[in-house]
Amino acid sequence: MKARFALLLATLQLVCAIPAQKILFQNQDNNPSEVVFGDNLIPTSWPGFDLNLNDRRLVLLEDASEPVWVTELEKINLKLSGKNFFDVTELRGPSPASFHTVESKSYPKPNCSEAVLEAISHLSTDGPKKNLATFTDFHTRHYRSDYGKQSQKWLLGRVYDTTSSESTRDDIDIAEFHHSWGQHSIIAKIPGSHSKGTVIISAHQDSTNMLPFWGAPGADDDGSGSVTILEAYRVLLATGFKPKNDIEFHWYSAEEGGLLGSQAVAAEYKRQNATVLAQIQFDMTAFVKKGTREEVGVITDFVDSNVVKFVKQLIDAYLDIPYVETKCGYACSDHASWTKNGYPSSFAIESSFENSNHAIHSTS
């Protein structure tokens, strides 16, 4: 995990076939109250969740010219069949049906070794392990659950505590990016001294099981990424790092629901004509498959090639483990929201996608 912290810190120098649901019982308003899911009879709603599996959502699928309406249960079945999507129900105005072409420029080669190595020397796994233990104690961090709201407030508190304990700066801005479902995204900004734009380091805070009502500790997906970037944030503050460009740490809500939180944030940045120099997503950073080597998976699809090239250079310059190129497909994590809105994005994961943790949507 320390290697992932190091990569993250180094980055900062940039300063459909849908299975049908079978209705078993109906209430008086002709809305199914129980449905079949696999071999199980399940309720369509549950106490503590602002969610009904019959609710209709507008989703954008790969190669689709227009979004289509599906139910929440059909969204789950899409995921189980390996089909990722953007849930665009909450977006204002039309959603682009395809990814924009990003005309980014090449980045300079890594050239801030002294500052990066100083920061790396202060990294520790103690804080992340402690934070992850608490973060996974919530029954679930599903974005439409009371638990998800509670976990988000806890994480926000940790960001505030880290800021006050590690820095005397008075210009760091911490804010919630509000969402209608109640679990808000979190943004912490370290202003640059001569900023020409923003570098974004992100993870997603929510979790899910195959069914949203089941327990979902989400240790790897994406508790690991959430505490990884929090440790990087802590070290930058503790070492007095002063970036030239603005640095923002983002913890997104509702990634598991179809990249809802990151889409809202990226769309708002685009609406404000914000300059984003680069974005990197850390989703799943802690698992090493038995019998395989430790490595960094560098995603090569639906990302910006110039950012990807720079990430590879960072790994070569500062890590003692190699990278492996890998793909994760359409709308597989929050970097895709930035690419879709025309910003240069990248995604680093714990291994090749084939060797990553496949028990993420479970209680294990």
# chains A, B, ... in the order shown; residues from 1 in each chain; ligands from 1
$ select_by_dssp --residues "stretch 222-268 of chain A" --states "strand (DSSP E)" --output "PyMOL selection string"
chain A and resi 246-252
$ write_last_selection --atoms "N, CA and C atoms" --output "compact mmCIF listing (two decimals), in the first residue's frame"
# COMPACT_ATOMS: atom_id res chain seq x y z
N ASP A 246 -3.14 24.50 -7.94
CA ASP A 246 -4.08 24.04 -6.93
C ASP A 246 -4.14 22.52 -6.92
N ILE A 247 -4.23 21.96 -5.73
CA ILE A 247 -4.41 20.52 -5.57
C ILE A 247 -5.73 20.29 -4.86
N GLU A 248 -6.54 19.41 -5.41
CA GLU A 248 -7.80 19.06 -4.77
C GLU A 248 -7.87 17.56 -4.55
N PHE A 249 -8.28 17.20 -3.34
CA PHE A 249 -8.57 15.81 -3.02
C PHE A 249 -10.09 15.64 -3.02
N HIS A 250 -10.56 14.67 -3.77
CA HIS A 250 -12.00 14.42 -3.89
C HIS A 250 -12.34 13.03 -3.38
N TRP A 251 -13.37 12.96 -2.55
CA TRP A 251 -13.94 11.67 -2.14
C TRP A 251 -15.39 11.66 -2.64
N TYR A 252 -15.64 10.89 -3.70
CA TYR A 252 -16.93 10.94 -4.37
C TYR A 252 -17.96 10.04 -3.71
$ residues_around --residues "A:Phe287" --least-positions-apart "2" --cutoff "12 Å" --atoms "only C-alpha atoms" --output "PyMOL selection string"
chain A and resi 1+4+219-225+283-285+289-290+292-297+349-353+355-360
$ closest_residue --among "A:Pro67, A:Gly329, A:Pro322, A:Gly38" --to "A:Thr300" --atoms "only C-alpha atoms"
A:Gly329
$ residues_around --residues "A:Thr208" --least-positions-apart "6" --cutoff "7 Å" --atoms "only C-alpha atoms" --output "number ranges by chain"
A: 140-142, 216, 256, 361
$ closest_residue --among "A:Leu155, A:Ile187, A:Val102, A:Ile42" --to "A:Trp214" --atoms "only C-alpha atoms"
A:Ile42
$ residues_around --residues "A:Lys149" --least-positions-apart "5" --cutoff "9 Å" --atoms "only C-alpha atoms" --output "NGL selection string"
:A and (141-144 or 154 or 182-184)
$ atom_distance --atom1 "atom CA of A:Phe282" --atom2 "atom CA of A:Asp170"
27.4 Å
$ select_by_dssp --residues "stretch 29-164 of chain A" --states "helix (DSSP H, G or I)" --output "ChimeraX atom specification"
/A:72-80,113-121,126-135,146-164
$ write_last_selection --atoms "C-alpha atoms" --output "short mmCIF file (atom, residue, chain, number, x, y, z; two decimals), in the first residue's frame"
data_model
loop_
_atom_site.label_atom_id
_atom_site.label_comp_id
_atom_site.auth_asym_id
_atom_site.auth_seq_id
_atom_site.Cartn_x
_atom_site.Cartn_y
_atom_site.Cartn_z
CA GLU A 72 -32.87 0.18 -9.90
CA LEU A 73 -33.10 -3.62 -10.00
CA GLU A 74 -32.26 -3.58 -13.69
CA LYS A 75 -29.22 -1.44 -12.88
CA ILE A 76 -28.06 -4.18 -10.51
CA ASN A 77 -28.59 -6.81 -13.19
CA LEU A 78 -26.61 -4.71 -15.67
CA LYS A 79 -23.68 -4.63 -13.26
CA LEU A 80 -23.91 -8.38 -12.66
CA SER A 113 12.52 14.48 -6.72
CA GLU A 114 13.64 16.24 -3.54
CA ALA A 115 10.13 17.28 -2.53
CA VAL A 116 8.60 13.97 -3.57
CA LEU A 117 11.14 11.82 -1.73
CA GLU A 118 10.79 14.00 1.37
CA ALA A 119 7.04 13.43 1.34
CA ILE A 120 7.41 9.69 0.71
CA SER A 121 9.69 9.39 3.75
CA ASP A 126 -0.66 3.08 10.66
CA GLY A 127 -3.15 5.87 10.03
CA PRO A 128 -4.73 4.27 6.94
CA LYS A 129 -5.16 0.94 8.75
CA LYS A 130 -6.83 2.67 11.69
CA ASN A 131 -9.07 4.75 9.43
CA LEU A 132 -10.01 1.74 7.34
CA ALA A 133 -10.97 -0.25 10.43
CA THR A 134 -13.52 2.41 11.36
CA PHE A 135 -14.64 3.00 7.77
CA ASP A 146 -28.49 6.17 6.53
CA TYR A 147 -25.20 4.33 7.07
CA GLY A 148 -23.80 5.98 3.96
CA LYS A 149 -24.70 9.41 5.26
CA GLN A 150 -23.10 8.60 8.62
CA SER A 151 -19.91 7.27 7.03
CA GLN A 152 -19.63 10.38 4.88
CA LYS A 153 -19.89 12.63 7.94
CA TRP A 154 -17.25 10.54 9.69
CA LEU A 155 -14.91 10.85 6.69
CA LEU A 156 -15.51 14.59 6.52
CA GLY A 157 -14.57 14.80 10.18
CA ARG A 158 -11.33 12.92 9.51
CA VAL A 159 -10.45 15.39 6.74
CA TYR A 160 -11.06 18.30 9.11
CA ASP A 161 -9.10 16.64 11.92
CA THR A 162 -6.19 15.85 9.63
CA THR A 163 -6.09 19.42 8.40
CA SER A 164 -6.11 20.98 11.87
#
$ atom_distance --atom1 "atom CA of A:His194" --atom2 "atom CA of A:Asn245"
6.2 Å
$ closest_residue --among "A:His335, A:Arg92, A:Lys189, A:Lys109" --to "A:Gln279" --atoms "only C-alpha atoms"
A:His335
$ closest_residue --among "A:Leu61, A:Met210, A:Val35, A:Leu277" --to "A:Lys196" --atoms "only C-alpha atoms"
A:Leu277
$ closest_residue --among "A:Glu255, A:Glu166, A:Asp55, A:Glu231" --to "A:Ser207" --atoms "only C-alpha atoms"
A:Glu255
$ residues_around --residues "stretch 236-244 of chain A" --least-positions-apart "3" --cutoff "7 Å" --atoms "only C-alpha atoms" --output "PyMOL selection string"
chain A and resi 15+119+166-167+192-195+232-233
$ write_last_selection --atoms "all heavy atoms" --output "PDB file, in the first residue's frame"
ATOM      1  N   VAL A  15       1.208  19.758  -9.964  1.00  0.00           N
ATOM      2  CA  VAL A  15       0.443  20.819  -9.231  1.00  0.00           C
ATOM      3  C   VAL A  15      -0.291  21.619 -10.132  1.00  0.00           C
ATOM      4  O   VAL A  15      -0.059  22.091 -11.109  1.00  0.00           O
ATOM      5  CB  VAL A  15       1.192  21.259  -8.148  1.00  0.00           C
ATOM      6  CG1 VAL A  15       0.947  22.490  -7.498  1.00  0.00           C
ATOM      7  CG2 VAL A  15       1.584  20.114  -7.271  1.00  0.00           C
ATOM      8  N   ALA A 119       8.409  13.798   0.975  1.00  0.00           N
ATOM      9  CA  ALA A 119       7.038  13.427   1.336  1.00  0.00           C
ATOM     10  C   ALA A 119       6.898  11.922   1.521  1.00  0.00           C
ATOM     11  O   ALA A 119       6.273  11.452   2.484  1.00  0.00           O
ATOM     12  CB  ALA A 119       6.075  13.928   0.259  1.00  0.00           C
ATOM     13  N   GLU A 166      -2.269  18.717  11.236  1.00  0.00           N
ATOM     14  CA  GLU A 166      -1.052  18.621  10.436  1.00  0.00           C
ATOM     15  C   GLU A 166      -0.623  19.936   9.785  1.00  0.00           C
ATOM     16  O   GLU A 166       0.470  20.011   9.232  1.00  0.00           O
ATOM     17  CB  GLU A 166      -1.224  17.569   9.337  1.00  0.00           C
ATOM     18  CG  GLU A 166      -1.527  16.170   9.841  1.00  0.00           C
ATOM     19  CD  GLU A 166      -0.352  15.538  10.572  1.00  0.00           C
ATOM     20  OE1 GLU A 166       0.773  16.088  10.488  1.00  0.00           O
ATOM     21  OE2 GLU A 166      -0.545  14.510  11.234  1.00  0.00           O
ATOM     22  N   SER A 167      -1.471  20.965   9.829  1.00  0.00           N
ATOM     23  CA  SER A 167      -1.141  22.188   9.110  1.00  0.00           C
ATOM     24  C   SER A 167      -1.557  23.423   9.888  1.00  0.00           C
ATOM     25  O   SER A 167      -2.551  23.408  10.622  1.00  0.00           O
ATOM     26  CB  SER A 167      -1.825  22.187   7.739  1.00  0.00           C
ATOM     27  OG  SER A 167      -1.576  23.392   7.042  1.00  0.00           O
ATOM     28  N   GLY A 192      -2.591  26.708  -4.856  1.00  0.00           N
ATOM     29  CA  GLY A 192      -1.250  26.841  -5.401  1.00  0.00           C
ATOM     30  C   GLY A 192      -0.750  28.269  -5.329  1.00  0.00           C
ATOM     31  O   GLY A 192      -1.541  29.219  -5.261  1.00  0.00           O
ATOM     32  N   SER A 193       0.555  28.422  -5.361  1.00  0.00           N
ATOM     33  CA  SER A 193       1.149  29.754  -5.244  1.00  0.00           C
ATOM     34  C   SER A 193       1.046  30.553  -6.543  1.00  0.00           C
ATOM     35  O   SER A 193       0.902  31.783  -6.506  1.00  0.00           O
ATOM     36  CB  SER A 193       2.626  29.623  -4.841  1.00  0.00           C
ATOM     37  OG  SER A 193       3.335  28.843  -5.792  1.00  0.00           O
ATOM     38  N   HIS A 194       1.106  29.868  -7.675  1.00  0.00           N
ATOM     39  CA  HIS A 194       0.987  30.531  -8.980  1.00  0.00           C
ATOM     40  C   HIS A 194       0.144  29.628  -9.882  1.00  0.00           C
ATOM     41  O   HIS A 194       0.611  29.132 -10.907  1.00  0.00           O
ATOM     42  CB  HIS A 194       2.359  30.789  -9.603  1.00  0.00           C
ATOM     43  CG  HIS A 194       3.244  31.672  -8.782  1.00  0.00           C
ATOM     44  ND1 HIS A 194       4.045  31.187  -7.774  1.00  0.00           N
ATOM     45  CD2 HIS A 194       3.442  33.021  -8.815  1.00  0.00           C
ATOM     46  CE1 HIS A 194       4.701  32.192  -7.228  1.00  0.00           C
ATOM     47  NE2 HIS A 194       4.358  33.313  -7.844  1.00  0.00           N
ATOM     48  N   SER A 195      -1.084  29.438  -9.493  1.00  0.00           N
ATOM     49  CA  SER A 195      -1.889  28.386 -10.107  1.00  0.00           C
ATOM     50  C   SER A 195      -2.326  28.710 -11.529  1.00  0.00           C
ATOM     51  O   SER A 195      -2.789  29.812 -11.828  1.00  0.00           O
ATOM     52  CB  SER A 195      -3.139  28.116  -9.253  1.00  0.00           C
ATOM     53  OG  SER A 195      -3.859  27.034  -9.793  1.00  0.00           O
ATOM     54  N   ALA A 232      -2.014  10.601   1.854  1.00  0.00           N
ATOM     55  CA  ALA A 232      -1.232  11.500   1.011  1.00  0.00           C
ATOM     56  C   ALA A 232      -1.521  12.962   1.358  1.00  0.00           C
ATOM     57  O   ALA A 232      -0.605  13.796   1.422  1.00  0.00           O
ATOM     58  CB  ALA A 232      -1.534  11.233  -0.456  1.00  0.00           C
ATOM     59  N   TYR A 233      -2.785  13.278   1.585  1.00  0.00           N
ATOM     60  CA  TYR A 233      -3.180  14.628   1.993  1.00  0.00           C
ATOM     61  C   TYR A 233      -2.495  14.996   3.316  1.00  0.00           C
ATOM     62  O   TYR A 233      -1.935  16.097   3.461  1.00  0.00           O
ATOM     63  CB  TYR A 233      -4.697  14.670   2.129  1.00  0.00           C
ATOM     64  CG  TYR A 233      -5.280  15.960   2.645  1.00  0.00           C
ATOM     65  CD1 TYR A 233      -5.279  17.118   1.872  1.00  0.00           C
ATOM     66  CD2 TYR A 233      -5.867  16.015   3.910  1.00  0.00           C
ATOM     67  CE1 TYR A 233      -5.832  18.300   2.341  1.00  0.00           C
ATOM     68  CE2 TYR A 233      -6.431  17.187   4.383  1.00  0.00           C
ATOM     69  CZ  TYR A 233      -6.412  18.327   3.603  1.00  0.00           C
ATOM     70  OH  TYR A 233      -6.968  19.488   4.067  1.00  0.00           O
TER      71      TYR A 233
END
$ atom_distance --atom1 "atom CA of A:Ser145" --atom2 "atom CA of A:Ala267"
24.4 Å
$ residues_around --residues "stretch 301-308 of chain A" --least-positions-apart "4" --cutoff "10 Å" --atoms "only C-alpha atoms" --output "short mmCIF file (atom, residue, chain, number, x, y, z; two decimals) with all heavy atoms, in the first residue's frame"
data_model
loop_
_atom_site.label_atom_id
_atom_site.label_comp_id
_atom_site.auth_asym_id
_atom_site.auth_seq_id
_atom_site.Cartn_x
_atom_site.Cartn_y
_atom_site.Cartn_z
N THR A 11 2.37 12.12 -8.14
CA THR A 11 1.45 12.72 -9.10
C THR A 11 1.29 14.21 -8.86
O THR A 11 1.08 14.99 -9.79
CB THR A 11 0.07 12.05 -9.00
OG1 THR A 11 0.22 10.65 -9.16
CG2 THR A 11 -0.88 12.58 -10.06
N LEU A 14 2.60 17.68 -10.71
CA LEU A 14 1.88 18.38 -11.77
C LEU A 14 1.16 19.60 -11.26
O LEU A 14 0.89 20.50 -12.01
CB LEU A 14 0.79 17.49 -12.35
CG LEU A 14 1.13 16.65 -13.53
CD1 LEU A 14 -0.02 15.76 -13.84
CD2 LEU A 14 1.46 17.54 -14.70
N PHE A 99 -17.73 10.11 -25.31
CA PHE A 99 -16.64 10.82 -24.66
C PHE A 99 -16.11 11.93 -25.57
O PHE A 99 -15.98 11.75 -26.77
CB PHE A 99 -15.51 9.85 -24.33
CG PHE A 99 -15.82 8.95 -23.17
CD1 PHE A 99 -16.41 7.72 -23.36
CD2 PHE A 99 -15.54 9.36 -21.88
CE1 PHE A 99 -16.70 6.90 -22.29
CE2 PHE A 99 -15.83 8.55 -20.80
CZ PHE A 99 -16.41 7.31 -21.01
N THR A 101 -13.20 14.32 -27.05
CA THR A 101 -11.78 14.20 -27.34
C THR A 101 -11.03 15.25 -26.54
O THR A 101 -11.33 16.44 -26.61
CB THR A 101 -11.50 14.40 -28.84
OG1 THR A 101 -12.19 13.40 -29.58
CG2 THR A 101 -10.01 14.28 -29.13
N VAL A 102 -10.08 14.79 -25.75
CA VAL A 102 -9.30 15.69 -24.92
C VAL A 102 -8.02 16.05 -25.65
O VAL A 102 -7.23 15.19 -26.00
CB VAL A 102 -8.96 15.04 -23.56
CG1 VAL A 102 -8.09 15.98 -22.73
CG2 VAL A 102 -10.24 14.70 -22.82
N GLU A 103 -7.82 17.33 -25.88
CA GLU A 103 -6.61 17.80 -26.56
C GLU A 103 -5.63 18.32 -25.52
O GLU A 103 -5.35 19.51 -25.42
CB GLU A 103 -6.97 18.88 -27.58
CG GLU A 103 -7.86 18.38 -28.72
CD GLU A 103 -8.18 19.45 -29.73
OE1 GLU A 103 -7.75 20.61 -29.51
OE2 GLU A 103 -8.86 19.15 -30.73
N SER A 104 -5.13 17.40 -24.71
CA SER A 104 -4.17 17.80 -23.69
C SER A 104 -2.76 17.82 -24.25
O SER A 104 -2.49 17.26 -25.31
CB SER A 104 -4.23 16.83 -22.50
OG SER A 104 -3.78 15.55 -22.90
N LYS A 105 -1.86 18.45 -23.53
CA LYS A 105 -0.47 18.55 -23.95
C LYS A 105 0.37 17.59 -23.12
O LYS A 105 -0.01 17.16 -22.04
CB LYS A 105 0.03 19.99 -23.78
CG LYS A 105 -0.71 21.00 -24.63
CD LYS A 105 -0.16 22.41 -24.40
CE LYS A 105 -0.91 23.43 -25.24
NZ LYS A 105 -0.40 24.81 -25.02
N SER A 106 1.54 17.29 -23.63
CA SER A 106 2.46 16.44 -22.89
C SER A 106 2.91 17.14 -21.62
O SER A 106 3.02 18.37 -21.56
CB SER A 106 3.68 16.10 -23.75
OG SER A 106 3.32 15.36 -24.89
N TYR A 107 3.16 16.35 -20.58
CA TYR A 107 3.62 16.89 -19.31
C TYR A 107 5.13 16.78 -19.22
O TYR A 107 5.74 15.90 -19.84
CB TYR A 107 2.96 16.12 -18.15
CG TYR A 107 1.45 16.21 -18.16
CD1 TYR A 107 0.69 15.19 -18.74
CD2 TYR A 107 0.80 17.30 -17.62
CE1 TYR A 107 -0.70 15.28 -18.77
CE2 TYR A 107 -0.59 17.39 -17.64
CZ TYR A 107 -1.33 16.38 -18.22
OH TYR A 107 -2.69 16.47 -18.25
N LEU A 277 -5.90 20.44 -14.85
CA LEU A 277 -4.67 20.03 -15.52
C LEU A 277 -4.57 18.52 -15.66
O LEU A 277 -4.07 18.01 -16.68
CB LEU A 277 -3.46 20.56 -14.75
CG LEU A 277 -3.40 22.08 -14.59
CD1 LEU A 277 -2.24 22.47 -13.68
CD2 LEU A 277 -3.26 22.75 -15.96
N ALA A 278 -5.02 17.81 -14.65
CA ALA A 278 -5.02 16.35 -14.68
C ALA A 278 -5.84 15.83 -13.52
O ALA A 278 -5.96 16.49 -12.47
CB ALA A 278 -3.60 15.79 -14.61
N GLN A 279 -6.40 14.65 -13.70
CA GLN A 279 -7.15 13.97 -12.65
C GLN A 279 -6.69 12.52 -12.60
O GLN A 279 -6.44 11.90 -13.63
CB GLN A 279 -8.66 14.03 -12.93
CG GLN A 279 -9.55 13.37 -11.88
CD GLN A 279 -9.85 11.90 -12.19
OE1 GLN A 279 -9.56 11.42 -13.27
NE2 GLN A 279 -10.41 11.20 -11.21
N ILE A 280 -6.53 12.00 -11.38
CA ILE A 280 -6.19 10.59 -11.23
C ILE A 280 -7.08 9.96 -10.17
O ILE A 280 -7.28 10.53 -9.09
CB ILE A 280 -4.70 10.38 -10.88
CG1 ILE A 280 -4.36 8.88 -10.85
CG2 ILE A 280 -4.30 11.08 -9.60
CD1 ILE A 280 -2.87 8.58 -10.82
N LYS A 312 3.13 6.64 -15.67
CA LYS A 312 4.14 5.59 -15.85
C LYS A 312 5.53 6.11 -15.50
O LYS A 312 6.34 5.40 -14.88
CB LYS A 312 4.12 5.10 -17.30
CG LYS A 312 2.87 4.34 -17.70
CD LYS A 312 2.94 3.98 -19.18
CE LYS A 312 1.69 3.30 -19.67
NZ LYS A 312 1.78 3.02 -21.14
N GLN A 313 5.82 7.34 -15.88
CA GLN A 313 7.12 7.93 -15.56
C GLN A 313 7.29 8.09 -14.05
O GLN A 313 8.39 7.89 -13.52
CB GLN A 313 7.27 9.28 -16.26
CG GLN A 313 7.39 9.18 -17.78
CD GLN A 313 7.37 10.55 -18.46
OE1 GLN A 313 6.91 11.54 -17.89
NE2 GLN A 313 7.87 10.60 -19.68
N LEU A 314 6.23 8.45 -13.38
CA LEU A 314 6.28 8.58 -11.93
C LEU A 314 6.58 7.25 -11.27
O LEU A 314 7.37 7.16 -10.32
CB LEU A 314 4.95 9.13 -11.40
CG LEU A 314 4.59 10.56 -11.79
CD1 LEU A 314 3.20 10.91 -11.27
CD2 LEU A 314 5.62 11.54 -11.26
N GLU A 325 0.14 -2.30 -17.78
CA GLU A 325 -0.98 -1.71 -18.49
C GLU A 325 -2.19 -2.63 -18.41
O GLU A 325 -2.05 -3.86 -18.53
CB GLU A 325 -0.62 -1.44 -19.95
CG GLU A 325 0.43 -0.37 -20.14
CD GLU A 325 0.66 -0.06 -21.60
OE1 GLU A 325 0.15 -0.82 -22.46
OE2 GLU A 325 1.34 0.94 -21.89
N THR A 326 -3.36 -2.06 -18.23
CA THR A 326 -4.57 -2.86 -18.12
C THR A 326 -5.77 -2.01 -18.52
O THR A 326 -5.67 -0.78 -18.61
CB THR A 326 -4.72 -3.42 -16.69
OG1 THR A 326 -5.78 -4.38 -16.65
CG2 THR A 326 -4.99 -2.31 -15.68
N LYS A 327 -6.89 -2.66 -18.75
CA LYS A 327 -8.12 -1.97 -19.13
C LYS A 327 -9.24 -2.37 -18.19
O LYS A 327 -9.26 -3.48 -17.66
CB LYS A 327 -8.51 -2.29 -20.57
CG LYS A 327 -7.50 -1.82 -21.61
CD LYS A 327 -7.96 -2.16 -23.02
CE LYS A 327 -6.96 -1.65 -24.05
NZ LYS A 327 -7.40 -1.94 -25.44
N CYS A 328 -10.18 -1.45 -17.99
CA CYS A 328 -11.31 -1.79 -17.12
C CYS A 328 -12.66 -1.54 -17.79
O CYS A 328 -13.70 -1.81 -17.19
CB CYS A 328 -11.23 -1.04 -15.80
SG CYS A 328 -11.47 0.74 -15.94
N GLY A 329 -12.68 -0.99 -19.00
CA GLY A 329 -13.94 -0.85 -19.71
C GLY A 329 -14.64 0.48 -19.48
O GLY A 329 -14.17 1.37 -18.76
N TYR A 330 -15.79 0.57 -20.09
CA TYR A 330 -16.61 1.79 -20.10
C TYR A 330 -17.15 2.10 -18.71
O TYR A 330 -17.67 1.22 -18.00
CB TYR A 330 -17.77 1.56 -21.07
CG TYR A 330 -18.77 2.68 -21.22
CD1 TYR A 330 -18.52 3.76 -22.04
CD2 TYR A 330 -19.99 2.63 -20.54
CE1 TYR A 330 -19.45 4.76 -22.20
CE2 TYR A 330 -20.93 3.64 -20.69
CZ TYR A 330 -20.65 4.71 -21.53
OH TYR A 330 -21.59 5.70 -21.69
N ALA A 331 -17.02 3.36 -18.30
CA ALA A 331 -17.64 3.86 -17.05
C ALA A 331 -17.31 2.99 -15.85
O ALA A 331 -18.16 2.76 -15.00
CB ALA A 331 -19.15 3.97 -17.23
N CYS A 332 -16.05 2.53 -15.75
CA CYS A 332 -15.72 1.59 -14.68
C CYS A 332 -15.38 2.27 -13.37
O CYS A 332 -15.42 1.64 -12.32
CB CYS A 332 -14.58 0.67 -15.12
SG CYS A 332 -12.96 1.48 -15.20
N HIS A 335 -12.87 8.30 -12.88
CA HIS A 335 -12.08 9.00 -13.89
C HIS A 335 -12.89 9.22 -15.16
O HIS A 335 -12.71 10.20 -15.88
CB HIS A 335 -10.82 8.20 -14.23
CG HIS A 335 -11.12 6.90 -14.88
ND1 HIS A 335 -11.66 5.83 -14.19
CD2 HIS A 335 -11.01 6.48 -16.17
CE1 HIS A 335 -11.85 4.82 -15.02
NE2 HIS A 335 -11.46 5.20 -16.23
N ALA A 336 -13.81 8.27 -15.45
CA ALA A 336 -14.60 8.34 -16.69
C ALA A 336 -15.49 9.57 -16.71
O ALA A 336 -15.78 10.11 -17.79
CB ALA A 336 -15.43 7.07 -16.84
N SER A 337 -15.92 10.05 -15.55
CA SER A 337 -16.75 11.26 -15.51
C SER A 337 -15.96 12.47 -16.00
O SER A 337 -16.51 13.36 -16.66
CB SER A 337 -17.25 11.51 -14.09
OG SER A 337 -18.11 10.47 -13.66
N TRP A 338 -14.66 12.51 -15.68
CA TRP A 338 -13.83 13.63 -16.12
C TRP A 338 -13.52 13.53 -17.60
O TRP A 338 -13.56 14.53 -18.32
CB TRP A 338 -12.56 13.69 -15.27
CG TRP A 338 -12.89 14.03 -13.86
CD1 TRP A 338 -13.09 13.15 -12.81
CD2 TRP A 338 -13.17 15.33 -13.34
NE1 TRP A 338 -13.46 13.84 -11.67
CE2 TRP A 338 -13.51 15.17 -11.97
CE3 TRP A 338 -13.15 16.61 -13.88
CZ2 TRP A 338 -13.83 16.26 -11.15
CZ3 TRP A 338 -13.47 17.69 -13.07
CH2 TRP A 338 -13.80 17.51 -11.72
N THR A 339 -13.23 12.32 -18.06
CA THR A 339 -13.01 12.14 -19.50
C THR A 339 -14.25 12.53 -20.28
O THR A 339 -14.17 13.21 -21.31
CB THR A 339 -12.65 10.67 -19.80
OG1 THR A 339 -11.49 10.31 -19.05
CG2 THR A 339 -12.37 10.47 -21.27
N LYS A 340 -15.41 12.13 -19.81
CA LYS A 340 -16.67 12.42 -20.51
C LYS A 340 -16.92 13.92 -20.62
O LYS A 340 -17.56 14.38 -21.57
CB LYS A 340 -17.84 11.73 -19.79
CG LYS A 340 -19.19 11.89 -20.50
CD LYS A 340 -20.18 10.86 -20.01
CE LYS A 340 -20.70 11.15 -18.64
NZ LYS A 340 -21.85 12.09 -18.65
N GLY A 342 -14.52 16.14 -20.92
CA GLY A 342 -13.46 16.80 -21.66
C GLY A 342 -12.19 17.09 -20.90
O GLY A 342 -11.34 17.85 -21.38
N TYR A 343 -12.02 16.50 -19.72
CA TYR A 343 -10.84 16.74 -18.91
C TYR A 343 -9.88 15.56 -18.97
O TYR A 343 -10.31 14.41 -19.10
CB TYR A 343 -11.24 17.00 -17.46
CG TYR A 343 -11.98 18.31 -17.24
CD1 TYR A 343 -13.32 18.32 -16.87
CD2 TYR A 343 -11.33 19.52 -17.40
CE1 TYR A 343 -13.99 19.52 -16.67
CE2 TYR A 343 -11.98 20.73 -17.20
CZ TYR A 343 -13.32 20.72 -16.83
OH TYR A 343 -13.99 21.91 -16.64
N PRO A 344 -8.56 15.83 -18.86
CA PRO A 344 -7.57 14.74 -18.90
C PRO A 344 -7.57 13.93 -17.61
O PRO A 344 -7.30 14.45 -16.54
CB PRO A 344 -6.24 15.48 -19.11
CG PRO A 344 -6.48 16.85 -18.54
CD PRO A 344 -7.92 17.16 -18.78
N SER A 345 -7.84 12.65 -17.74
CA SER A 345 -7.98 11.81 -16.56
C SER A 345 -7.10 10.58 -16.64
O SER A 345 -6.58 10.22 -17.71
CB SER A 345 -9.44 11.37 -16.38
OG SER A 345 -9.76 10.34 -17.31
N SER A 346 -6.94 9.91 -15.49
CA SER A 346 -6.20 8.65 -15.41
C SER A 346 -6.73 7.85 -14.23
O SER A 346 -7.51 8.34 -13.41
CB SER A 346 -4.69 8.91 -15.24
OG SER A 346 -4.44 9.64 -14.06
N PHE A 347 -6.27 6.61 -14.15
CA PHE A 347 -6.79 5.69 -13.12
C PHE A 347 -5.68 4.69 -12.80
O PHE A 347 -5.17 4.01 -13.68
CB PHE A 347 -8.04 4.99 -13.66
CG PHE A 347 -8.66 3.94 -12.77
CD1 PHE A 347 -8.34 3.83 -11.43
CD2 PHE A 347 -9.58 3.05 -13.30
CE1 PHE A 347 -8.92 2.85 -10.62
CE2 PHE A 347 -10.17 2.08 -12.51
CZ PHE A 347 -9.84 1.98 -11.17
N ALA A 348 -5.32 4.62 -11.51
CA ALA A 348 -4.35 3.63 -11.04
C ALA A 348 -5.06 2.67 -10.08
O ALA A 348 -5.79 3.09 -9.19
CB ALA A 348 -3.18 4.31 -10.33
#
$ residues_around --residues "A:Asn54" --least-positions-apart "6" --cutoff "9 Å" --atoms "only C-alpha atoms" --output "PyMOL selection string"
chain A and resi 31-33+44-45+70-74
